[in-house]
Every structure is written in C-alpha cells, then in structure tokens.
Amino acid sequence: VRGESMAPPRPKLPSLFPKPPPPGGGNAPSQKRFSAARLVQVHGQLARTKTVSLKTQDAVVEALRTVAEVFAWGDAHDPAIFEAFLEHGMLDTVAGFVTQGRTTSGKAVTVQALQTLSIMIENVTNHGAAVYLLSSGHVADLCRLRVDWVDEEVLCNYVALLKAVALKLDPMTVHFFLADDGGCPLHAAAARLAAHDDNMVVSAVRTITLCIYGIDDAQVRTHVLGSAPGGLWRAVAGQLARHAARLGGRAREAA
C-alpha cells in the first residue's frame with residue numbers, strides 16, 4: 001500500500017464573523033458606526049475606487065468589512081440600513097470587486113469581497129432582503145466565475161459563498177439559479193470541486209448538493225434527473241473507491 005504523504009495544513013473554510021452586538025450594555029455599538037448614514041458614507045468611498053493599489057487596498061478591505069458589519073446589524077435592528085443598501089445599489093459595488101478585476105494589488109480585496117457577500121447572505125433574516133440578494137444576478141454570475149483553484153484562501157472563501165447561497169435556497173429562490181436549458185450554475189460550480197483533495201471543500205460541496213436536492217420543486221427534480229453534472233457522481237464514486245482501498249489496506253496491515 002502506498003504510504004500517504006504528509007501534506008501541509010490547509011486553511012479552513014472561513015468562519016464568517018458574527019453579527020455585531022445588539023444595542024444596550026457597555027459594549028453596544030454606537031449609532032454613528034451602525035447606521036444608514038455610515039453605510040452610505042463607506043459605500044461612497046468604495047464607489048469612487050476605480051482601481052486598487054497596494055497603498056489603498058487596506059482601506060478598501062476595511063470598507064468592505066464595514067459594509068458587511070453594518071448590513072448584518074441593520075438586518076436585525078434597523079430596516080433603514082437595508083433601504084439605503086438597496087437605494088444606492090451597494091450590491092453592484094461589492095460584487096464588482098470580485099468580478100471586474102479592479103484590483104492590481106493581489107488577492108486581499110477579492111477575498112474580502114467574497115467574505116462580505118457571504119456574510120450578508122448568511123446573516124440576512126428578512127426574506128425580502130434575501131430574495132433581493134439572490135435574485136440580483138450577481139450571485140448567479142459568481143457561480144460561473146472561474147476562480148484561482150491554486151490559491152486556497154480565494155478558493156475557500158469562494159466555496160463558503162456558494163455554501164451560504166445554498167443554505168438560503170427554498171422553492172422560490174432556487175429558481176434564480178436554474179437556467180432555461182435545465183442547468184444549475186450553483187450545482188455546476190460545486191461539481192467542479194467535488195474531486196478536490198481538501199476534505200473541507202468536499203464537505204461544502206456535499207452540503208450544497210444536498211441543499212439543492214432537498215428542495216421539493218418540479219424544475220429541480222428535472223435538473224437532478226436529467227441535467228445534473230455527471231462529473232459530480234464520477235467524483236463521488238472515485239472518492240468511495242479511494243476510501244475503500246485505504247480501508248482494505250489498513251485491514252490487511254492489521255491482520
């Protein structure tokens with residue numbers, strides 16, 4: 001039996017930071033920081049940023065992080081924050097830092113933009129806001145994005161975004177990710193990673209797949225039975241075969 005090589009530790013799928021604390025008590029956030037006015041101000045800084053340099057990337061990363069924090073806090077405490085988010089087209093701006101290649105300063109901005117989108121989608125509890133985020137087209141476009149599979153930080157944040165989307169699917173929102181030809185970009189994006197050698201990525205792929213398959217909808221069933229990516233099942237079969245081989249080898253060693 002071929003010995004298993006010791007691989008360097010891989011980064012874990014990002015732990016999306018929690019909602020800011022609610023008002024009240026000594027650690028309550030200030031109204032100035034968590035307010036619609038503050039969100040509009042920070043978004044204005046991002047919207048004016050056409051390219052990102054090494055000198056400005058830290059400010060852009062912090063602004064993207066602030067958007068996520070204020071959005072998550074507003075979802076729980078202040079509807080005016082989402083209204084400002086909607087009015088100023090902030091989703092377009094955030095997604096743009098992932099898809100439009102406006103950064104020439106490395107991956108830091110791309111990673112934070114992916115995290116910001118994941119945090120907003122994961123933390124949103126208002127169904128109308130969730131429908132807006134998922135129906136805009138930006139998220140479906142990101143499912144078709146060819147990210148750098150070699151860069152594990154980018155990959156893990158991309159997979160975290162796909163998983164956050166999948167966990168929000170229901171019989172209504174799933175239709176934003178079903179194409180006219182019967183395909184499902186979200187499912188296809190997960191299938192491309194089904195044979196990845198990182199167990200955490202593979203686990204996220206399984207979660208995404210089960211979320212899609214678990215929706216009771218005629219169009220979803222048509223996709224699963226007729227248009228589901230065949231590579232997914234080949235990857236699953238390959239993983240099972242490798243696990244069986246390892247178990248058989250260890251059983252023979254123990255005998």
# chains A, B, ... in the order shown; residues from 1 in each chain; ligands from 1
>>> residues_around(residues="Leu134 of chain A", least_positions_apart="2", cutoff="12 Å", atoms="only C-alpha atoms", output="MDAnalysis selection string")
chainID A and resid 91 117:118 120:122 124 127:132 136:143 161:162 164:170 172:177 186
>>> residues_around(residues="segment 75-86 of chain A", least_positions_apart="5", cutoff="8 Å", atoms="only C-alpha atoms", output="number ranges by chain")
A: 22, 35-36, 39-40, 70, 91, 123-126, 129
>>> write_last_selection(atoms="C-alpha atoms", output="compact mmCIF listing (two decimals), in the first residue's frame")
# COMPACT_ATOMS: atom_id res chain seq x y z
CA PRO A 22 -27.20 44.42 19.87
CA SER A 35 -26.37 53.49 10.82
CA ALA A 36 -27.65 54.05 7.31
CA LEU A 39 -23.18 52.75 5.37
CA VAL A 40 -23.79 55.35 2.67
CA VAL A 70 -23.44 47.37 9.18
CA LEU A 91 -24.59 45.00 -4.06
CA ASN A 123 -26.83 36.71 8.19
CA VAL A 124 -29.87 38.05 6.35
CA THR A 125 -33.11 37.03 8.06
CA ASN A 126 -35.58 39.26 6.23
CA ALA A 129 -33.84 41.14 1.57
>>> closest_residue(among="A:Lys32, A:Lys163, A:Arg65, A:Arg146", to="Leu46 of chain A", atoms="only C-alpha atoms")
A:Arg65
>>> select_by_dssp(residues="segment 173-222 of chain A", states="alpha helix (DSSP H)", output="list in words")
Pro185, Leu186, His187, Ala188, Ala189, Ala190, Ala191, Asn199, Met200, Val201, Val202, Ser203, Ala204, Val205, Arg206, Thr207, Ile208, Thr209, Leu210, Cys211, Ile212, Tyr213, Ala218, Gln219, Val220, Arg221 and Thr222 of chain A
>>> write_last_selection(atoms="N, CA, C and O atoms", output="tab-separated table (two decimals), in the first residue's frame")
chain	number	residue	atom	x	y	z
A	185	PRO	N	-26.24	26.68	-12.41
A	185	PRO	CA	-24.85	27.17	-12.22
A	185	PRO	C	-24.29	26.90	-10.83
A	185	PRO	O	-23.10	26.60	-10.70
A	186	LEU	N	-25.12	26.99	-9.81
A	186	LEU	CA	-24.64	26.73	-8.45
A	186	LEU	C	-24.22	25.27	-8.31
A	186	LEU	O	-23.15	24.97	-7.75
A	187	HIS	N	-25.03	24.38	-8.82
A	187	HIS	CA	-24.71	22.95	-8.77
A	187	HIS	C	-23.46	22.65	-9.60
A	187	HIS	O	-22.59	21.88	-9.18
A	188	ALA	N	-23.37	23.27	-10.76
A	188	ALA	CA	-22.21	23.05	-11.62
A	188	ALA	C	-20.93	23.54	-10.97
A	188	ALA	O	-19.87	22.90	-11.06
A	189	ALA	N	-21.01	24.70	-10.28
A	189	ALA	CA	-19.83	25.23	-9.60
A	189	ALA	C	-19.36	24.28	-8.51
A	189	ALA	O	-18.15	24.06	-8.32
A	190	ALA	N	-20.31	23.70	-7.77
A	190	ALA	CA	-19.95	22.74	-6.74
A	190	ALA	C	-19.36	21.47	-7.34
A	190	ALA	O	-18.38	20.92	-6.83
A	191	ALA	N	-19.95	21.01	-8.44
A	191	ALA	CA	-19.48	19.78	-9.07
A	191	ALA	C	-18.04	19.90	-9.54
A	191	ALA	O	-17.30	18.91	-9.53
A	199	ASN	N	-10.60	18.09	2.23
A	199	ASN	CA	-11.82	17.49	2.76
A	199	ASN	C	-12.87	18.52	3.12
A	199	ASN	O	-14.08	18.25	3.02
A	200	MET	N	-12.45	19.69	3.54
A	200	MET	CA	-13.42	20.72	3.91
A	200	MET	C	-14.13	21.26	2.68
A	200	MET	O	-15.33	21.58	2.73
A	201	VAL	N	-13.42	21.38	1.56
A	201	VAL	CA	-14.05	21.80	0.32
A	201	VAL	C	-15.06	20.74	-0.13
A	201	VAL	O	-16.19	21.04	-0.52
A	202	VAL	N	-14.66	19.46	-0.07
A	202	VAL	CA	-15.54	18.38	-0.47
A	202	VAL	C	-16.79	18.34	0.41
A	202	VAL	O	-17.91	18.12	-0.06
A	203	SER	N	-16.61	18.58	1.71
A	203	SER	CA	-17.76	18.60	2.62
A	203	SER	C	-18.73	19.72	2.26
A	203	SER	O	-19.95	19.54	2.28
A	204	ALA	N	-18.19	20.89	1.90
A	204	ALA	CA	-19.05	22.00	1.48
A	204	ALA	C	-19.80	21.66	0.20
A	204	ALA	O	-20.98	22.00	0.05
A	205	VAL	N	-19.13	20.97	-0.72
A	205	VAL	CA	-19.78	20.55	-1.97
A	205	VAL	C	-20.95	19.63	-1.66
A	205	VAL	O	-22.03	19.75	-2.27
A	206	ARG	N	-20.78	18.73	-0.73
A	206	ARG	CA	-21.88	17.83	-0.37
A	206	ARG	C	-23.05	18.61	0.22
A	206	ARG	O	-24.22	18.32	-0.08
A	207	THR	N	-22.75	19.59	1.08
A	207	THR	CA	-23.82	20.41	1.66
A	207	THR	C	-24.59	21.15	0.57
A	207	THR	O	-25.83	21.19	0.58
A	208	ILE	N	-23.86	21.75	-0.36
A	208	ILE	CA	-24.51	22.47	-1.46
A	208	ILE	C	-25.40	21.53	-2.26
A	208	ILE	O	-26.56	21.85	-2.57
A	209	THR	N	-24.89	20.34	-2.58
A	209	THR	CA	-25.66	19.38	-3.35
A	209	THR	C	-26.91	18.95	-2.62
A	209	THR	O	-28.01	18.90	-3.21
A	210	LEU	N	-26.80	18.65	-1.33
A	210	LEU	CA	-27.96	18.21	-0.56
A	210	LEU	C	-29.00	19.32	-0.43
A	210	LEU	O	-30.20	19.05	-0.43
A	211	CYS	N	-28.53	20.57	-0.29
A	211	CYS	CA	-29.48	21.69	-0.22
A	211	CYS	C	-30.31	21.79	-1.50
A	211	CYS	O	-31.52	22.03	-1.45
A	212	ILE	N	-29.66	21.60	-2.64
A	212	ILE	CA	-30.37	21.67	-3.92
A	212	ILE	C	-31.31	20.49	-4.08
A	212	ILE	O	-32.49	20.64	-4.42
A	213	TYR	N	-30.80	19.29	-3.81
A	213	TYR	CA	-31.60	18.08	-4.00
A	213	TYR	C	-32.77	18.00	-3.03
A	213	TYR	O	-33.74	17.31	-3.29
A	218	ALA	N	-40.61	20.85	-9.03
A	218	ALA	CA	-40.60	20.06	-10.26
A	218	ALA	C	-39.39	20.38	-11.14
A	218	ALA	O	-38.76	19.48	-11.72
A	219	GLN	N	-39.04	21.66	-11.24
A	219	GLN	CA	-37.90	22.02	-12.09
A	219	GLN	C	-36.58	21.53	-11.50
A	219	GLN	O	-35.66	21.14	-12.23
A	220	VAL	N	-36.49	21.53	-10.16
A	220	VAL	CA	-35.29	20.99	-9.53
A	220	VAL	C	-35.19	19.49	-9.81
A	220	VAL	O	-34.11	18.97	-10.13
A	221	ARG	N	-36.30	18.77	-9.70
A	221	ARG	CA	-36.27	17.34	-9.97
A	221	ARG	C	-35.87	17.07	-11.42
A	221	ARG	O	-35.11	16.13	-11.70
A	222	THR	N	-36.36	17.89	-12.34
A	222	THR	CA	-35.97	17.73	-13.74
A	222	THR	C	-34.48	17.92	-13.91
A	222	THR	O	-33.81	17.17	-14.64
>>> closest_residue(among="A:Gly44, A:Glu62, A:Thr49, A:Gln112", to="Met90 of chain A", atoms="only C-alpha atoms")
A:Gly44
>>> residues_around(residues="Arg33 of chain A", least_positions_apart="4", cutoff="10 Å", atoms="only C-alpha atoms", output="NGL selection string")
:A and (29 or 37-39 or 66 or 69-70)
>>> decode(residues="segment 188-230 of chain A", atoms="N, CA and C atoms", output="JSON list (two decimals), in the first residue's frame")
[["chain", "number", "residue", "atom", "x", "y", "z"],
["A", 188, "ALA", "N", -23.37, 23.27, -10.76],
["A", 188, "ALA", "CA", -22.21, 23.05, -11.62],
["A", 188, "ALA", "C", -20.93, 23.54, -10.97],
["A", 189, "ALA", "N", -21.01, 24.70, -10.28],
["A", 189, "ALA", "CA", -19.83, 25.23, -9.60],
["A", 189, "ALA", "C", -19.36, 24.28, -8.51],
["A", 190, "ALA", "N", -20.31, 23.70, -7.77],
["A", 190, "ALA", "CA", -19.95, 22.74, -6.74],
["A", 190, "ALA", "C", -19.36, 21.47, -7.34],
["A", 191, "ALA", "N", -19.95, 21.01, -8.44],
["A", 191, "ALA", "CA", -19.48, 19.78, -9.07],
["A", 191, "ALA", "C", -18.04, 19.90, -9.54],
["A", 192, "ARG", "N", -17.64, 21.10, -9.97],
["A", 192, "ARG", "CA", -16.26, 21.27, -10.41],
["A", 192, "ARG", "C", -15.26, 21.02, -9.30],
["A", 193, "LEU", "N", -15.73, 21.12, -8.05],
["A", 193, "LEU", "CA", -14.84, 20.97, -6.90],
["A", 193, "LEU", "C", -15.03, 19.65, -6.17],
["A", 194, "ALA", "N", -15.87, 18.77, -6.71],
["A", 194, "ALA", "CA", -16.21, 17.54, -6.00],
["A", 194, "ALA", "C", -15.02, 16.61, -5.81],
["A", 195, "ALA", "N", -14.03, 16.71, -6.69],
["A", 195, "ALA", "CA", -12.86, 15.83, -6.59],
["A", 195, "ALA", "C", -11.68, 16.54, -5.94],
["A", 196, "HIS", "N", -11.90, 17.69, -5.31],
["A", 196, "HIS", "CA", -10.80, 18.43, -4.69],
["A", 196, "HIS", "C", -10.20, 17.61, -3.55],
["A", 197, "ASP", "N", -8.91, 17.79, -3.30],
["A", 197, "ASP", "CA", -8.25, 17.00, -2.27],
["A", 197, "ASP", "C", -8.37, 17.58, -0.87],
["A", 198, "ASP", "N", -9.05, 18.73, -0.73],
["A", 198, "ASP", "CA", -9.28, 19.32, 0.59],
["A", 198, "ASP", "C", -10.62, 18.80, 1.10],
["A", 199, "ASN", "N", -10.60, 18.09, 2.23],
["A", 199, "ASN", "CA", -11.82, 17.49, 2.76],
["A", 199, "ASN", "C", -12.87, 18.52, 3.12],
["A", 200, "MET", "N", -12.45, 19.69, 3.54],
["A", 200, "MET", "CA", -13.42, 20.72, 3.91],
["A", 200, "MET", "C", -14.13, 21.26, 2.68],
["A", 201, "VAL", "N", -13.42, 21.38, 1.56],
["A", 201, "VAL", "CA", -14.05, 21.80, 0.32],
["A", 201, "VAL", "C", -15.06, 20.74, -0.13],
["A", 202, "VAL", "N", -14.66, 19.46, -0.07],
["A", 202, "VAL", "CA", -15.54, 18.38, -0.47],
["A", 202, "VAL", "C", -16.79, 18.34, 0.41],
["A", 203, "SER", "N", -16.61, 18.58, 1.71],
["A", 203, "SER", "CA", -17.76, 18.60, 2.62],
["A", 203, "SER", "C", -18.73, 19.72, 2.26],
["A", 204, "ALA", "N", -18.19, 20.89, 1.90],
["A", 204, "ALA", "CA", -19.05, 22.00, 1.48],
["A", 204, "ALA", "C", -19.80, 21.66, 0.20],
["A", 205, "VAL", "N", -19.13, 20.97, -0.72],
["A", 205, "VAL", "CA", -19.78, 20.55, -1.97],
["A", 205, "VAL", "C", -20.95, 19.63, -1.66],
["A", 206, "ARG", "N", -20.78, 18.73, -0.73],
["A", 206, "ARG", "CA", -21.88, 17.83, -0.37],
["A", 206, "ARG", "C", -23.05, 18.61, 0.22],
["A", 207, "THR", "N", -22.75, 19.59, 1.08],
["A", 207, "THR", "CA", -23.82, 20.41, 1.66],
["A", 207, "THR", "C", -24.59, 21.15, 0.57],
["A", 208, "ILE", "N", -23.86, 21.75, -0.36],
["A", 208, "ILE", "CA", -24.51, 22.47, -1.46],
["A", 208, "ILE", "C", -25.40, 21.53, -2.26],
["A", 209, "THR", "N", -24.89, 20.34, -2.58],
["A", 209, "THR", "CA", -25.66, 19.38, -3.35],
["A", 209, "THR", "C", -26.91, 18.95, -2.62],
["A", 210, "LEU", "N", -26.80, 18.65, -1.33],
["A", 210, "LEU", "CA", -27.96, 18.21, -0.56],
["A", 210, "LEU", "C", -29.00, 19.32, -0.43],
["A", 211, "CYS", "N", -28.53, 20.57, -0.29],
["A", 211, "CYS", "CA", -29.48, 21.69, -0.22],
["A", 211, "CYS", "C", -30.31, 21.79, -1.50],
["A", 212, "ILE", "N", -29.66, 21.60, -2.64],
["A", 212, "ILE", "CA", -30.37, 21.67, -3.92],
["A", 212, "ILE", "C", -31.31, 20.49, -4.08],
["A", 213, "TYR", "N", -30.80, 19.29, -3.81],
["A", 213, "TYR", "CA", -31.60, 18.08, -4.00],
["A", 213, "TYR", "C", -32.77, 18.00, -3.03],
["A", 214, "GLY", "N", -32.65, 18.68, -1.89],
["A", 214, "GLY", "CA", -33.70, 18.60, -0.89],
["A", 214, "GLY", "C", -34.89, 19.50, -1.14],
["A", 215, "ILE", "N", -34.86, 20.31, -2.20],
["A", 215, "ILE", "CA", -35.96, 21.23, -2.48],
["A", 215, "ILE", "C", -37.04, 20.52, -3.28],
["A", 216, "ASP", "N", -38.25, 20.56, -2.79],
["A", 216, "ASP", "CA", -39.38, 19.89, -3.45],
["A", 216, "ASP", "C", -39.93, 20.81, -4.53],
["A", 217, "ASP", "N", -39.41, 20.65, -5.72],
["A", 217, "ASP", "CA", -39.80, 21.52, -6.84],
["A", 217, "ASP", "C", -39.64, 20.73, -8.13],
["A", 218, "ALA", "N", -40.61, 20.85, -9.03],
["A", 218, "ALA", "CA", -40.60, 20.06, -10.26],
["A", 218, "ALA", "C", -39.39, 20.38, -11.14],
["A", 219, "GLN", "N", -39.04, 21.66, -11.24],
["A", 219, "GLN", "CA", -37.90, 22.02, -12.09],
["A", 219, "GLN", "C", -36.58, 21.53, -11.50],
["A", 220, "VAL", "N", -36.49, 21.53, -10.16],
["A", 220, "VAL", "CA", -35.29, 20.99, -9.53],
["A", 220, "VAL", "C", -35.19, 19.49, -9.81],
["A", 221, "ARG", "N", -36.30, 18.77, -9.70],
["A", 221, "ARG", "CA", -36.27, 17.34, -9.97],
["A", 221, "ARG", "C", -35.87, 17.07, -11.42],
["A", 222, "THR", "N", -36.36, 17.89, -12.34],
["A", 222, "THR", "CA", -35.97, 17.73, -13.74],
["A", 222, "THR", "C", -34.48, 17.92, -13.91],
["A", 223, "HIS", "N", -33.94, 18.91, -13.23],
["A", 223, "HIS", "CA", -32.49, 19.15, -13.29],
["A", 223, "HIS", "C", -31.71, 17.97, -12.73],
["A", 224, "VAL", "N", -32.13, 17.50, -11.55],
["A", 224, "VAL", "CA", -31.40, 16.41, -10.90],
["A", 224, "VAL", "C", -31.43, 15.15, -11.74],
["A", 225, "LEU", "N", -32.58, 14.84, -12.35],
["A", 225, "LEU", "CA", -32.71, 13.60, -13.11],
["A", 225, "LEU", "C", -32.14, 13.68, -14.52],
["A", 226, "GLY", "N", -32.09, 14.90, -15.07],
["A", 226, "GLY", "CA", -31.69, 14.98, -16.47],
["A", 226, "GLY", "C", -30.48, 15.81, -16.78],
["A", 227, "SER", "N", -30.20, 16.83, -15.95],
["A", 227, "SER", "CA", -29.14, 17.78, -16.31],
["A", 227, "SER", "C", -28.06, 17.93, -15.24],
["A", 228, "ALA", "N", -28.14, 17.14, -14.18],
["A", 228, "ALA", "CA", -27.13, 17.28, -13.12],
["A", 228, "ALA", "C", -25.74, 16.96, -13.67],
["A", 229, "PRO", "N", -24.73, 17.70, -13.22],
["A", 229, "PRO", "CA", -23.37, 17.48, -13.73],
["A", 229, "PRO", "C", -22.88, 16.06, -13.47],
["A", 230, "GLY", "N", -22.58, 15.32, -14.54],
["A", 230, "GLY", "CA", -22.12, 13.95, -14.38],
["A", 230, "GLY", "C", -20.80, 13.85, -13.65]]
